[in-house]
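So this block is structure24.cif, mmCIF, C-alpha atoms:
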data_model
loop_
_atom_site.label_atom_id
_atom_site.label_comp_id
_atom_site.auth_asym_id
_atom_site.auth_seq_id
_atom_site.Cartn_x
_atom_site.Cartn_y
_atom_site.Cartn_z
CA MET A 234 27.16 -171.50 -58.43
CA ALA A 235 25.05 -173.29 -61.04
CA PRO A 236 24.29 -171.14 -64.08
CA SER A 237 20.61 -170.38 -64.73
CA LEU A 238 18.90 -172.38 -67.46
CA SER A 239 17.67 -169.40 -69.47
CA PRO A 240 19.34 -169.00 -72.88
CA ILE A 241 22.22 -166.54 -73.08
CA ARG A 242 21.02 -163.20 -74.39
CA SER A 243 23.04 -160.53 -76.14
CA HIS A 244 22.41 -156.85 -75.40
CA HIS A 245 23.46 -153.47 -76.73
CA VAL A 246 25.44 -151.95 -73.86
CA ALA A 247 26.86 -148.46 -73.29
CA VAL A 248 29.99 -148.11 -71.14
CA ILE A 249 30.71 -144.62 -69.79
CA GLY A 250 34.48 -144.04 -69.59
CA ALA A 251 37.61 -145.70 -71.02
CA GLY A 252 39.79 -145.72 -67.92
CA ALA A 253 40.86 -148.87 -66.09
CA ALA A 254 37.24 -149.78 -65.22
CA GLY A 255 35.69 -149.04 -68.63
CA LEU A 256 38.35 -150.93 -70.58
CA VAL A 257 37.91 -154.18 -68.70
CA ALA A 258 34.12 -153.77 -68.63
CA ALA A 259 34.11 -153.43 -72.42
CA ARG A 260 36.29 -156.52 -72.79
CA GLU A 261 34.18 -158.68 -70.47
CA LEU A 262 30.89 -157.55 -72.04
CA ARG A 263 32.15 -158.38 -75.52
CA ARG A 264 33.55 -161.73 -74.35
CA GLU A 265 30.07 -162.53 -73.09
CA GLY A 266 28.60 -161.75 -76.51
CA HIS A 267 27.16 -158.28 -75.95
CA SER A 268 27.62 -155.41 -78.42
CA VAL A 269 29.41 -152.50 -76.77
CA VAL A 270 29.92 -148.77 -77.29
CA VAL A 271 32.34 -147.00 -74.95
CA PHE A 272 31.97 -143.23 -74.49
CA GLU A 273 35.23 -141.43 -73.63
CA ARG A 274 35.50 -137.67 -73.32
CA GLN A 275 39.28 -137.63 -73.75
CA LYS A 276 41.24 -138.40 -76.92
CA GLN A 277 42.83 -141.58 -75.54
CA VAL A 278 42.32 -144.45 -73.10
CA GLY A 279 43.56 -144.31 -69.51
CA GLY A 280 41.18 -142.07 -67.58
CA THR A 281 42.73 -140.70 -64.41
CA TRP A 282 46.17 -142.08 -65.41
CA ILE A 283 46.58 -139.59 -68.27
CA TYR A 284 49.00 -136.98 -66.95
CA THR A 285 48.58 -133.40 -68.07
CA ASP A 286 50.34 -130.28 -66.89
CA HIS A 287 47.06 -128.40 -67.38
CA ILE A 288 45.29 -127.39 -64.19
CA GLU A 289 41.87 -125.86 -63.67
CA PRO A 290 41.53 -122.04 -63.62
CA ASP A 291 39.79 -122.34 -60.24
CA PRO A 292 42.44 -123.85 -57.89
CA LEU A 293 39.77 -125.18 -55.50
CA SER A 294 37.67 -126.63 -58.36
CA VAL A 295 34.40 -125.37 -56.89
CA ASP A 296 33.19 -123.18 -59.77
CA PRO A 297 30.58 -125.26 -61.65
CA THR A 298 31.28 -123.32 -64.87
CA ARG A 299 35.05 -124.02 -64.81
CA SER A 300 36.71 -126.01 -67.57
CA VAL A 301 37.26 -129.38 -65.89
CA VAL A 302 40.61 -131.20 -66.10
CA HIS A 303 40.03 -134.95 -65.91
CA SER A 304 43.24 -136.01 -64.22
CA SER A 305 44.54 -135.60 -60.70
CA VAL A 306 47.94 -137.16 -61.40
CA TYR A 307 50.99 -135.16 -60.25
CA GLY A 308 54.39 -135.29 -61.89
CA SER A 309 56.20 -137.39 -59.28
CA LEU A 310 53.36 -139.86 -58.70
CA ARG A 311 54.31 -143.51 -58.38
CA THR A 312 51.98 -146.37 -57.57
CA ASN A 313 51.58 -147.26 -53.89
CA LEU A 314 51.04 -150.93 -54.79
CA PRO A 315 53.55 -153.21 -56.54
CA ARG A 316 52.85 -153.84 -60.21
CA GLU A 317 52.43 -157.63 -59.83
CA CYS A 318 49.55 -157.06 -57.41
CA MET A 319 47.93 -154.27 -59.46
CA GLY A 320 47.38 -155.84 -62.87
CA TYR A 321 44.28 -157.46 -64.32
CA ARG A 322 44.26 -161.15 -63.52
CA ASP A 323 44.79 -162.49 -67.05
CA PHE A 324 46.95 -159.63 -68.36
CA PRO A 325 49.82 -159.34 -65.87
CA PHE A 326 51.41 -155.94 -65.27
CA VAL A 327 54.95 -157.11 -66.04
CA VAL A 328 57.88 -155.45 -67.76
CA ARG A 329 57.28 -156.35 -71.40
CA SER A 330 60.24 -157.28 -73.55
CA GLY A 331 60.74 -155.41 -76.79
CA VAL A 332 58.95 -152.25 -75.68
CA SER A 333 60.47 -148.79 -75.81
CA GLU A 334 63.09 -147.54 -73.38
CA SER A 335 60.68 -144.91 -72.13
CA ARG A 336 59.00 -147.61 -70.02
CA ASP A 337 59.53 -147.74 -66.25
CA PRO A 338 60.62 -151.21 -65.06
CA ARG A 339 60.34 -150.47 -61.31
CA ARG A 340 58.01 -152.53 -59.13
CA PHE A 341 56.28 -149.33 -57.99
CA PRO A 342 56.28 -147.52 -61.33
CA SER A 343 55.37 -143.99 -62.36
CA HIS A 344 51.94 -142.96 -63.59
CA GLY A 345 53.26 -143.09 -67.18
CA GLU A 346 53.97 -146.81 -66.89
CA VAL A 347 50.43 -147.50 -65.64
CA LEU A 348 49.04 -145.55 -68.61
CA ALA A 349 51.26 -147.56 -70.98
CA TYR A 350 49.97 -150.79 -69.39
CA LEU A 351 46.35 -149.71 -69.95
CA GLN A 352 47.21 -148.82 -73.55
CA ASP A 353 48.80 -152.28 -73.98
CA PHE A 354 45.64 -153.87 -72.57
CA ALA A 355 43.39 -151.89 -74.94
CA LYS A 356 45.56 -152.93 -77.88
CA GLU A 357 45.84 -156.58 -76.90
CA PHE A 358 42.05 -156.98 -76.72
CA ALA A 359 41.19 -154.60 -79.61
CA ILE A 360 39.10 -152.42 -77.31
CA GLU A 361 39.70 -149.12 -79.13
CA GLU A 362 37.41 -150.18 -81.98
CA MET A 363 34.50 -150.01 -79.48
CA ILE A 364 35.40 -146.53 -78.19
CA ARG A 365 34.06 -143.16 -79.30
CA PHE A 366 36.79 -140.74 -78.27
CA ASP A 367 36.35 -137.03 -77.61
CA THR A 368 32.71 -137.71 -76.82
CA ALA A 369 31.02 -136.32 -73.73
CA VAL A 370 27.93 -138.01 -72.29
CA VAL A 371 25.39 -135.29 -71.55
CA LYS A 372 22.46 -137.35 -70.33
CA VAL A 373 21.71 -140.95 -69.34
CA ALA A 374 18.07 -141.61 -68.46
CA PRO A 375 15.49 -144.40 -68.62
CA ALA A 376 14.10 -144.40 -72.16
CA ALA A 377 10.48 -145.07 -71.33
CA GLU A 378 8.44 -146.27 -68.38
CA GLU A 379 10.43 -147.64 -65.45
CA GLY A 380 10.94 -151.34 -65.84
CA SER A 381 11.30 -151.41 -69.64
CA GLY A 382 15.04 -151.48 -69.07
CA LYS A 383 15.99 -149.37 -72.08
CA TRP A 384 18.21 -146.31 -71.64
CA ARG A 385 18.45 -143.11 -73.65
CA ILE A 386 21.93 -141.65 -73.99
CA GLU A 387 22.60 -138.16 -75.31
CA SER A 388 26.21 -137.43 -76.23
CA THR A 389 28.24 -134.81 -78.08
CA GLU A 390 31.34 -135.48 -80.12
CA LYS A 391 33.36 -132.33 -79.46
CA GLU A 392 35.50 -131.94 -82.60
CA LYS A 393 32.85 -132.81 -85.15
CA LYS A 394 30.07 -131.12 -83.15
CA VAL A 395 27.99 -134.30 -83.58
CA LEU A 396 25.04 -134.69 -81.22
CA ARG A 397 23.65 -138.18 -80.77
CA ASP A 398 20.49 -139.39 -79.06
CA GLU A 399 20.48 -143.20 -78.86
CA ILE A 400 18.76 -146.09 -77.12
CA TYR A 401 20.71 -148.84 -75.33
CA ASP A 402 19.59 -151.93 -73.46
CA ALA A 403 21.98 -151.35 -70.57
CA VAL A 404 24.45 -148.83 -69.18
CA VAL A 405 27.64 -149.55 -67.22
CA VAL A 406 28.97 -146.42 -65.46
CA CYS A 407 32.79 -146.38 -65.27
CA ASN A 408 33.50 -142.64 -65.04
CA GLY A 409 35.92 -142.80 -62.08
CA HIS A 410 35.84 -140.72 -58.92
CA TYR A 411 38.98 -138.57 -58.91
CA ILE A 412 37.60 -135.45 -60.60
CA GLU A 413 35.19 -133.64 -58.28
CA PRO A 414 37.11 -132.56 -55.14
CA ARG A 415 35.95 -132.69 -51.52
CA HIS A 416 37.10 -129.92 -49.19
CA ALA A 417 37.71 -129.54 -45.48
CA GLU A 418 35.63 -127.03 -43.52
CA ILE A 419 37.95 -124.39 -42.01
CA PRO A 420 36.59 -121.83 -39.54
CA GLY A 421 37.48 -118.27 -40.65
CA ILE A 422 38.53 -119.24 -44.18
CA SER A 423 36.38 -116.61 -45.92
CA SER A 424 38.58 -113.78 -44.57
CA TRP A 425 41.92 -115.65 -44.77
CA PRO A 426 44.15 -113.87 -47.36
CA GLY A 427 46.38 -116.76 -48.51
CA LYS A 428 45.96 -119.10 -51.48
CA GLU A 429 43.70 -122.14 -51.18
CA MET A 430 43.79 -125.07 -53.60
CA HIS A 431 42.94 -128.76 -53.93
CA SER A 432 45.55 -131.43 -54.69
CA HIS A 433 43.57 -132.12 -57.91
CA ASN A 434 45.40 -129.04 -59.25
CA TYR A 435 48.88 -129.96 -57.98
CA ARG A 436 51.46 -131.05 -60.56
CA ILE A 437 55.02 -130.00 -59.58
CA PRO A 438 56.67 -128.50 -56.46
CA GLU A 439 58.34 -125.48 -58.10
CA PRO A 440 55.46 -122.96 -57.57
CA PHE A 441 55.84 -123.52 -53.79
CA ARG A 442 59.50 -122.56 -53.58
CA ASP A 443 60.32 -120.69 -50.33
CA GLN A 444 56.66 -120.75 -49.25
CA VAL A 445 54.97 -121.99 -46.09
CA VAL A 446 52.42 -124.62 -47.10
CA VAL A 447 49.79 -126.45 -45.06
CA LEU A 448 48.35 -129.67 -46.49
CA ILE A 449 45.14 -131.14 -45.07
CA GLY A 450 44.71 -134.90 -45.29
CA ASN A 451 46.23 -138.23 -44.31
CA SER A 452 46.02 -140.35 -47.43
CA ALA A 453 48.55 -141.16 -50.15
CA SER A 454 48.35 -137.79 -51.91
CA ALA A 455 49.04 -135.72 -48.74
CA ASP A 456 51.92 -138.05 -47.94
CA ASP A 457 53.51 -137.87 -51.40
CA ILE A 458 52.90 -134.18 -52.07
CA SER A 459 54.17 -133.02 -48.66
CA ARG A 460 57.52 -134.75 -49.32
CA ASP A 461 57.59 -133.48 -52.90
CA ILE A 462 57.04 -129.86 -51.83
CA ALA A 463 59.39 -130.09 -48.84
CA ARG A 464 62.31 -130.20 -51.29
CA VAL A 465 61.69 -126.55 -52.29
CA ALA A 466 59.33 -125.00 -49.72
CA LYS A 467 60.38 -123.05 -46.66
CA GLU A 468 58.11 -125.10 -44.40
CA VAL A 469 55.49 -127.81 -44.92
CA HIS A 470 52.86 -128.64 -42.30
CA VAL A 471 50.44 -131.57 -42.64
CA ALA A 472 47.17 -131.26 -40.71
CA CYS A 473 45.10 -134.35 -40.24
CA ARG A 474 41.77 -134.99 -38.55
CA SER A 475 42.75 -138.50 -37.45
CA ASN A 476 45.78 -137.25 -35.49
CA GLU A 477 45.49 -136.72 -31.73
CA ALA A 478 44.72 -133.11 -30.76
CA ASP A 479 48.23 -132.50 -29.37
CA THR A 480 50.11 -133.97 -32.37
CA TYR A 481 53.25 -132.06 -33.35
CA ILE A 482 55.91 -134.26 -34.94
CA GLU A 483 58.88 -133.37 -37.11
CA ARG A 484 59.15 -135.86 -39.95
CA PRO A 485 62.42 -137.85 -39.73
CA GLY A 486 64.86 -136.93 -42.48
CA TYR A 487 63.44 -133.40 -42.90
CA ASN A 488 64.07 -130.16 -41.06
CA ASN A 489 61.06 -128.40 -42.64
CA LEU A 490 58.21 -130.96 -42.52
CA TRP A 491 55.84 -131.36 -39.55
CA MET A 492 52.73 -133.41 -38.75
CA HIS A 493 49.94 -131.67 -36.81
CA SER A 494 46.46 -132.25 -35.52
CA MET A 495 43.63 -130.61 -37.51
CA ILE A 496 43.38 -126.86 -38.16
CA GLU A 497 41.41 -125.12 -35.41
CA CYS A 498 40.82 -121.89 -37.36
CA VAL A 499 42.50 -119.33 -39.63
CA HIS A 500 42.73 -115.53 -39.33
CA LYS A 501 42.74 -112.57 -41.67
CA ASP A 502 46.38 -111.81 -40.79
CA GLY A 503 47.31 -114.99 -42.72
CA SER A 504 47.86 -117.18 -39.68
CA VAL A 505 46.70 -120.77 -39.24
CA VAL A 506 45.98 -122.11 -35.75
CA PHE A 507 46.17 -125.88 -35.15
CA GLN A 508 44.38 -127.86 -32.43
CA ASN A 509 47.79 -128.50 -30.86
CA GLY A 510 48.04 -124.76 -30.09
CA LYS A 511 50.66 -123.94 -32.73
CA THR A 512 50.10 -120.78 -34.80
CA ILE A 513 51.91 -120.34 -38.13
CA SER A 514 51.86 -117.68 -40.82
CA VAL A 515 50.98 -119.54 -44.03
CA ASP A 516 51.07 -118.82 -47.79
CA VAL A 517 49.09 -121.78 -49.15
CA ILE A 518 46.53 -124.26 -47.81
CA MET A 519 46.20 -127.37 -49.98
CA HIS A 520 43.22 -129.68 -49.48
CA CYS A 521 44.36 -133.29 -50.03
CA THR A 522 40.91 -134.34 -48.91
CA GLY A 523 39.77 -136.71 -51.61
CA TYR A 524 36.94 -136.62 -54.09
CA LYS A 525 33.17 -136.91 -54.47
CA TYR A 526 31.33 -139.43 -56.56
CA HIS A 527 29.82 -137.38 -59.34
CA PHE A 528 27.40 -138.45 -62.06
CA PRO A 529 26.16 -135.17 -63.56
CA PHE A 530 24.80 -136.95 -66.64
CA LEU A 531 22.73 -139.55 -64.78
CA GLU A 532 18.98 -138.98 -64.36
CA THR A 533 17.29 -141.68 -62.30
CA ASN A 534 14.37 -139.80 -60.76
CA GLY A 535 15.93 -140.16 -57.31
CA ASN A 536 16.47 -143.92 -57.59
CA VAL A 537 20.26 -143.51 -57.40
CA THR A 538 21.61 -140.65 -55.30
CA VAL A 539 24.91 -139.48 -53.84
CA ASP A 540 24.34 -138.60 -50.18
CA ASP A 541 27.47 -137.58 -48.22
CA ASN A 542 29.46 -139.61 -50.74
CA ARG A 543 27.31 -142.71 -50.38
CA VAL A 544 26.17 -143.85 -53.84
CA GLY A 545 22.97 -145.70 -53.33
CA PRO A 546 21.14 -147.78 -53.06
CA LEU A 547 23.53 -150.19 -54.81
CA TYR A 548 23.54 -153.96 -54.41
CA LYS A 549 27.13 -155.10 -53.77
CA ASP A 550 28.33 -151.65 -54.90
CA VAL A 551 27.33 -152.53 -58.47
CA PHE A 552 23.62 -152.82 -59.36
CA SER A 553 20.84 -150.29 -58.75
CA PRO A 554 17.90 -152.47 -57.58
CA ALA A 555 15.37 -150.12 -59.23
CA PHE A 556 16.99 -150.64 -62.64
CA ALA A 557 18.81 -153.97 -62.27
CA PRO A 558 20.41 -155.35 -64.27
CA TRP A 559 20.20 -152.52 -66.81
CA LEU A 560 22.14 -149.94 -64.77
CA SER A 561 25.41 -150.89 -63.07
CA PHE A 562 28.60 -149.30 -61.79
CA VAL A 563 32.22 -150.49 -61.90
CA GLY A 564 34.86 -149.05 -59.57
CA ILE A 565 32.83 -147.60 -56.70
CA PRO A 566 34.77 -149.25 -53.81
CA TRP A 567 37.94 -147.52 -52.57
CA LYS A 568 40.96 -148.56 -50.51
CA VAL A 569 41.22 -151.59 -52.76
CA VAL A 570 43.48 -153.18 -55.37
CA PRO A 571 41.47 -151.64 -58.20
CA PHE A 572 42.15 -153.37 -61.52
CA PRO A 573 41.51 -157.02 -60.49
CA MET A 574 38.34 -155.91 -58.67
CA PHE A 575 37.10 -154.02 -61.76
CA GLU A 576 37.68 -157.22 -63.73
CA LEU A 577 35.55 -159.34 -61.37
CA GLN A 578 32.77 -156.73 -61.21
CA SER A 579 32.75 -156.60 -65.02
CA LYS A 580 32.59 -160.39 -65.38
CA TRP A 581 29.63 -160.42 -62.99
CA ILE A 582 27.78 -157.65 -64.85
CA ALA A 583 28.38 -159.29 -68.25
CA GLY A 584 27.11 -162.67 -67.00
CA VAL A 585 24.06 -161.18 -65.31
CA LEU A 586 23.12 -159.23 -68.46
CA SER A 587 23.34 -162.36 -70.60
CA GLY A 588 21.09 -164.28 -68.22
CA ARG A 589 23.82 -166.76 -67.28
CA ILE A 590 24.09 -165.50 -63.69
CA PRO A 591 20.88 -164.85 -61.72
CA LEU A 592 20.36 -161.78 -59.51
CA PRO A 593 18.19 -161.76 -56.38
CA SER A 594 14.80 -160.05 -56.58
CA LYS A 595 14.64 -156.28 -56.26
CA GLU A 596 13.13 -156.73 -52.75
CA ASP A 597 15.92 -159.05 -51.62
CA MET A 598 18.60 -156.69 -52.97
CA MET A 599 17.01 -153.75 -51.14
CA MET A 600 16.78 -155.74 -47.93
CA GLU A 601 20.48 -156.60 -48.09
CA ILE A 602 21.39 -152.93 -48.73
CA LYS A 603 19.25 -151.76 -45.77
CA THR A 604 20.93 -154.36 -43.55
CA LEU A 605 24.36 -153.09 -44.64
CA TYR A 606 23.39 -149.45 -43.93
CA SER A 607 22.05 -150.26 -40.47
CA THR A 608 25.20 -152.28 -39.67
CA LEU A 609 27.38 -149.30 -40.66
CA ASP A 610 25.19 -146.98 -38.56
CA ALA A 611 25.43 -149.30 -35.55
CA GLN A 612 29.23 -149.32 -35.89
CA GLY A 613 29.28 -145.51 -36.02
CA ILE A 614 30.68 -145.50 -39.57
CA ALA A 615 29.84 -142.26 -41.42
CA LYS A 616 27.99 -142.49 -44.75
CA ARG A 617 30.99 -141.22 -46.65
CA TYR A 618 32.88 -144.41 -45.71
CA THR A 619 30.19 -146.73 -47.12
CA HIS A 620 32.37 -147.76 -50.06
CA GLN A 621 35.70 -147.98 -48.20
CA MET A 622 36.84 -151.59 -48.14
CA GLY A 623 40.44 -152.22 -47.11
CA ILE A 624 40.68 -155.73 -45.69
CA SER A 625 37.08 -156.66 -46.60
CA GLN A 626 37.85 -156.36 -50.33
CA PHE A 627 39.12 -159.94 -50.48
CA GLU A 628 35.89 -161.39 -49.09
CA TYR A 629 34.01 -159.22 -51.60
CA ASN A 630 36.24 -160.41 -54.47
CA SER A 631 35.71 -164.04 -53.40
CA TRP A 632 31.96 -163.51 -53.50
CA LEU A 633 32.19 -162.00 -57.01
CA ALA A 634 34.42 -164.86 -58.17
CA SER A 635 31.91 -167.42 -56.85
CA GLN A 636 29.09 -165.70 -58.77
CA CYS A 637 31.14 -165.75 -61.97
CA GLY A 638 32.49 -169.25 -61.56
CA CYS A 639 36.11 -168.10 -61.67
CA SER A 640 39.05 -168.65 -59.34
CA GLU A 641 39.48 -166.61 -56.18
CA THR A 642 42.13 -163.94 -55.65
CA GLU A 643 45.56 -165.57 -55.53
CA GLU A 644 47.09 -165.89 -52.06
CA TRP A 645 50.30 -164.14 -53.13
CA ARG A 646 48.27 -161.10 -54.28
CA LYS A 647 46.60 -160.76 -50.86
CA GLU A 648 49.87 -161.29 -49.00
CA MET A 649 51.65 -158.76 -51.21
CA TYR A 650 48.92 -156.18 -50.49
CA PHE A 651 49.26 -156.67 -46.71
CA ALA A 652 53.08 -156.80 -46.79
CA THR A 653 53.15 -153.52 -48.73
CA GLY A 654 50.84 -151.85 -46.19
CA VAL A 655 53.08 -152.91 -43.30
CA LYS A 656 56.22 -151.76 -45.09
CA LYS A 657 54.66 -148.44 -46.08
CA ARG A 658 53.67 -147.61 -42.50
CA ALA A 659 57.13 -148.55 -41.19
CA HIS A 660 59.21 -146.97 -44.00
CA PRO A 661 57.10 -144.40 -45.87
CA GLU A 662 60.18 -142.93 -47.56
CA THR A 663 61.67 -146.11 -48.96
CA TYR A 664 58.97 -148.81 -49.21
CA ARG A 665 58.71 -148.40 -52.99
CA ASP A 666 62.39 -149.19 -53.55
CA GLU A 667 63.35 -151.59 -50.76
CA TRP A 668 61.24 -154.70 -50.19
CA ASP A 669 61.55 -158.17 -48.78
CA ASP A 670 58.66 -160.08 -50.40
CA HIS A 671 60.79 -161.73 -53.11
CA HIS A 672 59.11 -165.11 -52.45
CA LEU A 673 55.74 -163.53 -53.34
CA VAL A 674 57.16 -162.01 -56.52
CA SER A 675 58.40 -165.42 -57.67
CA GLN A 676 54.96 -166.97 -56.89
CA ALA A 677 53.36 -164.21 -58.96
CA TYR A 678 55.63 -164.89 -61.92
CA GLN A 679 54.89 -168.63 -61.69
CA ASP A 680 51.19 -167.77 -62.07
CA PHE A 681 51.90 -165.26 -64.85
CA SER A 682 53.66 -167.94 -66.87
CA LEU A 683 50.25 -169.68 -67.20
CA TYR A 684 48.97 -166.76 -69.26
#

Written as structure tokens, how would this file's structure read?
Amino acid sequence: MAPSLSPIRSHHVAVIGAGAAGLVAARELRREGHSVVVFERQKQVGGTWIYTDHIEPDPLSVDPTRSVVHSSVYGSLRTNLPRECMGYRDFPFVVRSGVSESRDPRRFPSHGEVLAYLQDFAKEFAIEEMIRFDTAVVKVAPAAEEGSGKWRIESTEKEKKVLRDEIYDAVVVCNGHYIEPRHAEIPGISSWPGKEMHSHNYRIPEPFRDQVVVLIGNSASADDISRDIARVAKEVHVACRSNEADTYIERPGYNNLWMHSMIECVHKDGSVVFQNGKTISVDVIMHCTGYKYHFPFLETNGNVTVDDNRVGPLYKDVFSPAFAPWLSFVGIPWKVVPFPMFELQSKWIAGVLSGRIPLPSKEDMMMEIKTLYSTLDAQGIAKRYTHQMGISQFEYNSWLASQCGCSETEEWRKEMYFATGVKKRAHPETYRDEWDDHHLVSQAYQDFSLY
């Protein structure tokens, strides 16, 4: 795509969050010549990848006054994608020579290795000098009349009790979406006497020793945590809405782990009734039901809303047409290879802000969004799946790459993603440690040698 002829402009840009999205956004914005301030409420980079054994006092995380813990990482968590596929495109996620022995060289490494990679990235590109740590963003709102583009940001630096009220040209929201839990609706739950919690507050299996636990959900966390807990629990039952109503399957390799259809209802005697007709006396119900997009600081006068987990309207999941290009989001899509996508979104935002890459008119962006929504409606896809990509991520990435004038996603990266999915479905227990895509690994390392 030919760059626009307008001169490149530099702007003062605020980035909210120093996780995987915020770090690469900060780098790309600075590369493009913008001045950047990153707001990070924690004391270090890494966002959701910072493990803590702290959990919230409210196990369901529904109390709005609770002290929020900003990580959902559990002790045994390993990536469900191979490292070669996961890394930023020009900073490969490889085992680095000369680093400490505490690093995890496995292809599907632990959460600690991902955090170390993000720390390496921040160091390599001197990103920390742009970050204000321990600083919570309280309010982000248009500074004056709509259309002026300026944004007012109110923040508090916790330790020093410093309150700031500042004006920025643009805001890039990178605050992640693994903090505010979603829950399943369970008939009869108000009188059920057992313990309810969300996987956001799960860390280690020990508290579940000799208990009967039901997990609700069918994504990676329900899969991992059910196996983790099965090592110590009396029984583990996984209930899932996408299973057929008569589902009742014992997991191979376990004598205490079963798959069920969804919960029908629960009773005040502590029992849980499944749609398959089974009734079980249960100690704990754990919701592994995902998270809500949550922007408590953002005031847009209704121009950007979260409706049944649809953040909108957003053009290409990034720009708010009402405020484009001065308000953008990195990291909204899910079921994707996240880091390389964040990198492409960030390159696009940085180039648009500098005037190098043109955006369609507000009307054209809105028309495209409305077309997308009506297509999803016609296909019977619920609003909450608006940002789920899966296979369509590669077409999306190609589009972003074409806007930015950079190369498309490497073939090996796509193939590795699909091969991992196939392997995971066939061998959920062992796919992280036994693989047969060695030819793709060697292609990846050939590419990495160019960096």

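Distances here use all atoms listed in the file; by that measure, the residue among A:Trp425, A:Tyr684, A:Phe358, A:Tyr548 closest to Ile518 of chain A is A:Trp425.
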
**Asked** Once the PyMOL selection byres ((chain A and resi 468) around 8) has been applied to the shown file, what residues remain in the selection, as a PyMOL selection string?
**Response** chain A and resi 443-446+463+466-467+469-470+489-490

**Residues near Arg329 of chain A, cut-off 12 Å, all atoms listed in the file, skip fewer than 2 positions along chain, as a PyMOL selection string** = chain A and resi 324-327+331-338+346+349-350+353-354

Mind dumping the selected residues with C-alpha atoms as an mmCIF file, in the frame of the given file?
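In the end it all went to part-v4.cif:
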data_model
loop_
_atom_site.group_PDB
_atom_site.id
_atom_site.type_symbol
_atom_site.label_atom_id
_atom_site.label_comp_id
_atom_site.auth_asym_id
_atom_site.auth_seq_id
_atom_site.Cartn_x
_atom_site.Cartn_y
_atom_site.Cartn_z
ATOM 1 C CA PHE A 324 46.950 -159.630 -68.360
ATOM 2 C CA PRO A 325 49.820 -159.340 -65.870
ATOM 3 C CA PHE A 326 51.410 -155.940 -65.270
ATOM 4 C CA VAL A 327 54.950 -157.110 -66.040
ATOM 5 C CA GLY A 331 60.740 -155.410 -76.790
ATOM 6 C CA VAL A 332 58.950 -152.250 -75.680
ATOM 7 C CA SER A 333 60.470 -148.790 -75.810
ATOM 8 C CA GLU A 334 63.090 -147.540 -73.380
ATOM 9 C CA SER A 335 60.680 -144.910 -72.130
ATOM 10 C CA ARG A 336 59.000 -147.610 -70.020
ATOM 11 C CA ASP A 337 59.530 -147.740 -66.250
ATOM 12 C CA PRO A 338 60.620 -151.210 -65.060
ATOM 13 C CA GLU A 346 53.970 -146.810 -66.890
ATOM 14 C CA ALA A 349 51.260 -147.560 -70.980
ATOM 15 C CA TYR A 350 49.970 -150.790 -69.390
ATOM 16 C CA ASP A 353 48.800 -152.280 -73.980
ATOM 17 C CA PHE A 354 45.640 -153.870 -72.570
#

**Request:** Please provide the set of residues having any atom within 12 Å of Met600 of chain A, restricted to only C-alpha atoms, with same-chain residues fewer than 5 positions apart removed, written as an MDAnalysis selection string.
**Result:** chainID A and resid 546:549 554 593:595 605:607

**Asked** Residues at most 9 Å from segment 576-588 of chain A, counting all atoms listed in the file, excluding those fewer than 3 positions away in the same chain, as an MDAnalysis selection string?
**Response** chainID A and resid 236:244 254:255 257:267 321:322 403 405 551:552 558:559 561:564 571:573 591:592 630 633:634 636:637 639

For the residues selected in the previous step, produce a file with C-alpha atoms as a compact mmCIF listing (two decimals), keeping the file's coordinate frame.
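out_8.txt, written as the output of this step:
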# COMPACT_ATOMS: atom_id res chain seq x y z
CA PRO A 236 24.29 -171.14 -64.08
CA SER A 237 20.61 -170.38 -64.73
CA LEU A 238 18.90 -172.38 -67.46
CA SER A 239 17.67 -169.40 -69.47
CA PRO A 240 19.34 -169.00 -72.88
CA ILE A 241 22.22 -166.54 -73.08
CA ARG A 242 21.02 -163.20 -74.39
CA SER A 243 23.04 -160.53 -76.14
CA HIS A 244 22.41 -156.85 -75.40
CA ALA A 254 37.24 -149.78 -65.22
CA GLY A 255 35.69 -149.04 -68.63
CA VAL A 257 37.91 -154.18 -68.70
CA ALA A 258 34.12 -153.77 -68.63
CA ALA A 259 34.11 -153.43 -72.42
CA ARG A 260 36.29 -156.52 -72.79
CA GLU A 261 34.18 -158.68 -70.47
CA LEU A 262 30.89 -157.55 -72.04
CA ARG A 263 32.15 -158.38 -75.52
CA ARG A 264 33.55 -161.73 -74.35
CA GLU A 265 30.07 -162.53 -73.09
CA GLY A 266 28.60 -161.75 -76.51
CA HIS A 267 27.16 -158.28 -75.95
CA TYR A 321 44.28 -157.46 -64.32
CA ARG A 322 44.26 -161.15 -63.52
CA ALA A 403 21.98 -151.35 -70.57
CA VAL A 405 27.64 -149.55 -67.22
CA VAL A 551 27.33 -152.53 -58.47
CA PHE A 552 23.62 -152.82 -59.36
CA PRO A 558 20.41 -155.35 -64.27
CA TRP A 559 20.20 -152.52 -66.81
CA SER A 561 25.41 -150.89 -63.07
CA PHE A 562 28.60 -149.30 -61.79
CA VAL A 563 32.22 -150.49 -61.90
CA GLY A 564 34.86 -149.05 -59.57
CA PRO A 571 41.47 -151.64 -58.20
CA PHE A 572 42.15 -153.37 -61.52
CA PRO A 573 41.51 -157.02 -60.49
CA PRO A 591 20.88 -164.85 -61.72
CA LEU A 592 20.36 -161.78 -59.51
CA ASN A 630 36.24 -160.41 -54.47
CA LEU A 633 32.19 -162.00 -57.01
CA ALA A 634 34.42 -164.86 -58.17
CA GLN A 636 29.09 -165.70 -58.77
CA CYS A 637 31.14 -165.75 -61.97
CA CYS A 639 36.11 -168.10 -61.67

**Prompt:** the PyMOL selection byres ((chain A and resi 301-316) around 8) on the file shown: which residues, as an MDAnalysis selection string?
**Reply:** chainID A and resid 280:285 287:289 299:300 317:320 326:327 340:344 411:412 432:437 453 457 461 570 649:650 653 665
